[in-house]
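Okay, so here's the structure we're looking at.
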Amino acid sequence: MRTPVAMTVGMVFAPCGLLLNLTSTLTPGWRLVKGFLNQPVDVVLYQGLWDMCREQSSRERECGQPDDWGYFAAEPVRVARGLMVTSLAITALGLLLASLGVRCWQEEPRSALAGLSGLVLFAAGLFSLIPVSWYNHVLGDRAVLPAPSSPVTVQVSYSLVLGYLGSCLLLLGGFSLALSFAPWCEERCRRKAPSGGQRRSSISTVHVDWPEPALTPAIKYYSGGQHRPRPADLSAAGPAKVGFPMPRPPPKAHSDPEEDTLDGEKAADSHSASSRSTRLCHGSLPCDSDL
């Protein structure tokens with residue numbers, strides 16, 4: 001599996017931020033002081049968190065200069081010392097967690113651990129950004145950061161710029177690594193999601209109860225070749241009939257009025273003849289059966 005882009009960006013920015021902050025903390029270049037009276041014009045004094053160096057174009061840099069104005073006792077300098085060292089320690093811890101979380105040498109990274117390292121690195125960036133911003137804010141205030149009076153001038157030096165860059169890189173790297181929480185949260189939500197039989201309703205699974213069309217009884221209650229009574233009329237229909245149906249004569253293929261009339265006359269003649277023979281048998285004349 002390829003390392004995600006967010007993790008790669010974080011693993012590039014965080015070490016760069018650590019290197020810049022380390023350089024900013026150790027180098028004596030937070031403030032540049034120049035324009036001293038009774039001094040050559042090219043003499044400058046570099047002030048840092050731990051040391052002050054005097055530099056002249058015709059001579060080498062001389063560090064370990066005495067603090068005649070109480071610069072190191074100023075509150076912004078003491079706070080910057082503590083916060084910058086704290087930021088370096090937190091950055092080292094964040095990089096250790098990021099290395100264990102990203103695990104470029106293995107197939108699957110640990111998203112939760114990588115996201116946690118991003119939060120740690122983001123906090124380290126804040127710890128370094130606060131003293132740098134405060135120092136820059138009171139840079140020209142001689143009451144807060146002591147310096148000789150005019151015509152001496154004070155300017156921003158390179159260490160302060162490196163501190164700004166390192167803090168911004170730590171913030172960006174920490175934010176990029178914190179994005180690793182997204183796949184971790186997605187995996188956790190997928191595990192807690194209901195099974196396939198209990199899927200959440202969505203647009204494709206909405207059930208609509210359409211009203212049933214009103215059908216006529218002949219269509220609605222017709223089955224098995226017969227009309228069935230309505231469900232409400234089942235109790236009023238009474239018990240079912242018992243027995244066999246009587247056979248019915250088959251219908252005639254055709255019907256002729258004249259033939260029907262002749263058949264009726266023949267049936268009437270035969271009926272009258274049979275009645276006369278019956279009366280003769282009951283009278284004085286003998287019947288054919290007695291002969």
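Letters A, B, ... mark the chains of the structure tokens in the order given; residue numbers begin at 1 per chain; ligand numbers begin at 1, in order shown.
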What lies within 6 Å of range 28-31 of chain A using only C-alpha atoms, ignoring chain neighbours under 4 positions off, as a PyMOL selection string?
-> chain A and resi 46-48+51-52+155-160
Quick one: everything within 10 Å of range 112-119 of chain A, counting only C-alpha atoms, minus sequence neighbours fewer than 6 positions away in the same chain. Send it as a ChimeraX atom specification.
-> /A:7,10-11,14,90-91,93-103,125,170-185
Range 138-199 of chain A: which residues are helix (DSSP H, G or I) by DSSP, as a PyMOL selection string?
-> chain A and resi 158-178+181-192+196-198
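The residue set within 8 Å of range 148-154 of chain A, counting only C-alpha atoms and dropping same-chain residues fewer than 5 places from it, reads Arg31, Leu32, Val33, Lys34, Gly35, Phe36, Leu37, Trp69, Leu139, Gly140 and Arg142 of chain A.
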Using C-alpha atoms, can you export the residues from the last selection as a tab-separated table (two decimals), in the first residue's frame?
```tsv
chain	number	residue	atom	x	y	z
A	31	ARG	CA	17.79	40.90	17.34
A	32	LEU	CA	20.39	43.03	15.56
A	33	VAL	CA	21.69	46.15	17.34
A	34	LYS	CA	23.87	48.72	15.54
A	35	GLY	CA	24.78	52.42	15.51
A	36	PHE	CA	26.78	52.57	18.73
A	37	LEU	CA	28.39	55.82	19.77
A	69	TRP	CA	21.80	46.29	29.80
A	139	LEU	CA	11.36	43.99	19.61
A	140	GLY	CA	11.58	47.77	19.51
A	142	ARG	CA	13.51	49.28	24.98
```
Shell of 10 Å around Phe72 in chain A, only C-alpha atoms, local chain residues under 2 positions omitted, as number ranges by chain = A: 47-52, 67-70, 74-78, 145-146
Keeping N, CA and C atoms for every residue in the selection just given, could you write it to a file as an mmCIF file, in the first residue's frame?
```cif
data_model
loop_
_atom_site.group_PDB
_atom_site.id
_atom_site.type_symbol
_atom_site.label_atom_id
_atom_site.label_comp_id
_atom_site.auth_asym_id
_atom_site.auth_seq_id
_atom_site.Cartn_x
_atom_site.Cartn_y
_atom_site.Cartn_z
ATOM 1 N N GLN A 47 21.992 39.601 19.199
ATOM 2 C CA GLN A 47 21.461 39.118 20.477
ATOM 3 C C GLN A 47 20.559 37.914 20.241
ATOM 4 N N GLY A 48 20.779 36.855 21.020
ATOM 5 C CA GLY A 48 19.959 35.649 20.940
ATOM 6 C C GLY A 48 19.360 35.301 22.284
ATOM 7 N N LEU A 49 18.974 34.054 22.447
ATOM 8 C CA LEU A 49 18.395 33.608 23.711
ATOM 9 C C LEU A 49 19.456 33.186 24.721
ATOM 10 N N TRP A 50 20.625 32.819 24.235
ATOM 11 C CA TRP A 50 21.641 32.292 25.134
ATOM 12 C C TRP A 50 22.979 33.049 25.062
ATOM 13 N N ASP A 51 23.175 33.828 24.016
ATOM 14 C CA ASP A 51 24.483 34.459 23.832
ATOM 15 C C ASP A 51 24.320 35.740 23.026
ATOM 16 N N MET A 52 25.337 36.605 23.100
ATOM 17 C CA MET A 52 25.433 37.822 22.287
ATOM 18 C C MET A 52 26.801 37.842 21.624
ATOM 19 N N ASP A 67 26.576 41.263 29.212
ATOM 20 C CA ASP A 67 25.224 41.827 29.156
ATOM 21 C C ASP A 67 25.182 43.058 30.049
ATOM 22 N N ASP A 68 25.460 44.193 29.480
ATOM 23 C CA ASP A 68 25.503 45.432 30.251
ATOM 24 C C ASP A 68 24.128 46.053 30.468
ATOM 25 N N TRP A 69 23.115 45.644 29.713
ATOM 26 C CA TRP A 69 21.797 46.294 29.800
ATOM 27 C C TRP A 69 20.728 45.382 30.436
ATOM 28 N N GLY A 70 21.098 44.186 30.864
ATOM 29 C CA GLY A 70 20.109 43.273 31.462
ATOM 30 C C GLY A 70 19.187 42.629 30.435
ATOM 31 N N ALA A 74 15.315 39.905 30.724
ATOM 32 C CA ALA A 74 14.004 40.368 30.246
ATOM 33 C C ALA A 74 13.030 39.193 30.175
ATOM 34 N N GLU A 75 11.778 39.497 30.447
ATOM 35 C CA GLU A 75 10.755 38.440 30.493
ATOM 36 C C GLU A 75 10.554 37.755 29.141
ATOM 37 N N PRO A 76 10.478 38.463 28.018
ATOM 38 C CA PRO A 76 10.310 37.765 26.740
ATOM 39 C C PRO A 76 11.440 36.791 26.440
ATOM 40 N N VAL A 77 12.675 37.113 26.858
ATOM 41 C CA VAL A 77 13.793 36.213 26.605
ATOM 42 C C VAL A 77 13.669 34.949 27.451
ATOM 43 N N ARG A 78 13.327 35.103 28.728
ATOM 44 C CA ARG A 78 13.197 33.933 29.599
ATOM 45 C C ARG A 78 12.029 33.045 29.183
ATOM 46 N N LEU A 145 12.657 45.002 26.235
ATOM 47 C CA LEU A 145 13.926 44.406 25.805
ATOM 48 C C LEU A 145 14.986 45.503 25.862
ATOM 49 N N PRO A 146 15.769 45.562 26.921
ATOM 50 C CA PRO A 146 16.707 46.678 27.099
ATOM 51 C C PRO A 146 17.695 46.792 25.948
#
```
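Here CA of Asp141 in chain A stands at a distance of 20.7 Å from CA of Cys53 in chain A.
Our summary of the geometry notes that CA of Phe127 in chain A is positioned 7.2 Å from CA of Thr86 in chain A.
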Fewer than 4 positions away in the same chain doesn't count, so skip those; otherwise give me all residues within 9 Å of Ser133 in chain A, counting only C-alpha atoms, as an NGL selection string.
-> :A and (128-129 or 137-138 or 160 or 164)
The selected residues should be written to file as a PDB file, in the first residue's frame (atoms: N, CA and C atoms).
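And here is the file that came out, part-v4.pdb:
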```pdb
ATOM      1  N   SER A 128       6.205  27.010  19.792  1.00  0.00           N
ATOM      2  CA  SER A 128       7.302  27.807  19.234  1.00  0.00           C
ATOM      3  C   SER A 128       6.816  29.113  18.603  1.00  0.00           C
ATOM      4  N   LEU A 129       5.600  29.123  18.119  1.00  0.00           N
ATOM      5  CA  LEU A 129       5.080  30.337  17.487  1.00  0.00           C
ATOM      6  C   LEU A 129       4.774  31.428  18.512  1.00  0.00           C
ATOM      7  N   HIS A 137       6.900  41.247  18.676  1.00  0.00           N
ATOM      8  CA  HIS A 137       5.982  42.338  19.026  1.00  0.00           C
ATOM      9  C   HIS A 137       6.668  43.385  19.901  1.00  0.00           C
ATOM     10  N   VAL A 138       7.542  42.945  20.803  1.00  0.00           N
ATOM     11  CA  VAL A 138       8.202  43.885  21.725  1.00  0.00           C
ATOM     12  C   VAL A 138       9.651  44.143  21.319  1.00  0.00           C
ATOM     13  N   LEU A 160      15.049  34.937  14.275  1.00  0.00           N
ATOM     14  CA  LEU A 160      13.612  35.147  14.449  1.00  0.00           C
ATOM     15  C   LEU A 160      12.843  34.703  13.201  1.00  0.00           C
ATOM     16  N   TYR A 164       9.973  31.680  12.845  1.00  0.00           N
ATOM     17  CA  TYR A 164       8.656  31.771  12.190  1.00  0.00           C
ATOM     18  C   TYR A 164       8.464  30.638  11.186  1.00  0.00           C
TER      19      TYR A 164
END
```
Apply DSSP to the structure's backbone, then extract all residues of range 77-194 of chain A labelled strand (DSSP E) and return them as a ChimeraX atom specification.
-> /A:153-156
Could you save those same residues with C-alpha atoms as a PDB file, in the first residue's frame?
```pdb
ATOM      1  CA  THR A 153      18.810  51.030  16.216  1.00  0.00           C
ATOM      2  CA  VAL A 154      17.356  47.538  16.606  1.00  0.00           C
ATOM      3  CA  GLN A 155      16.219  45.227  13.786  1.00  0.00           C
ATOM      4  CA  VAL A 156      14.903  41.725  13.264  1.00  0.00           C
TER       5      VAL A 156
END
```
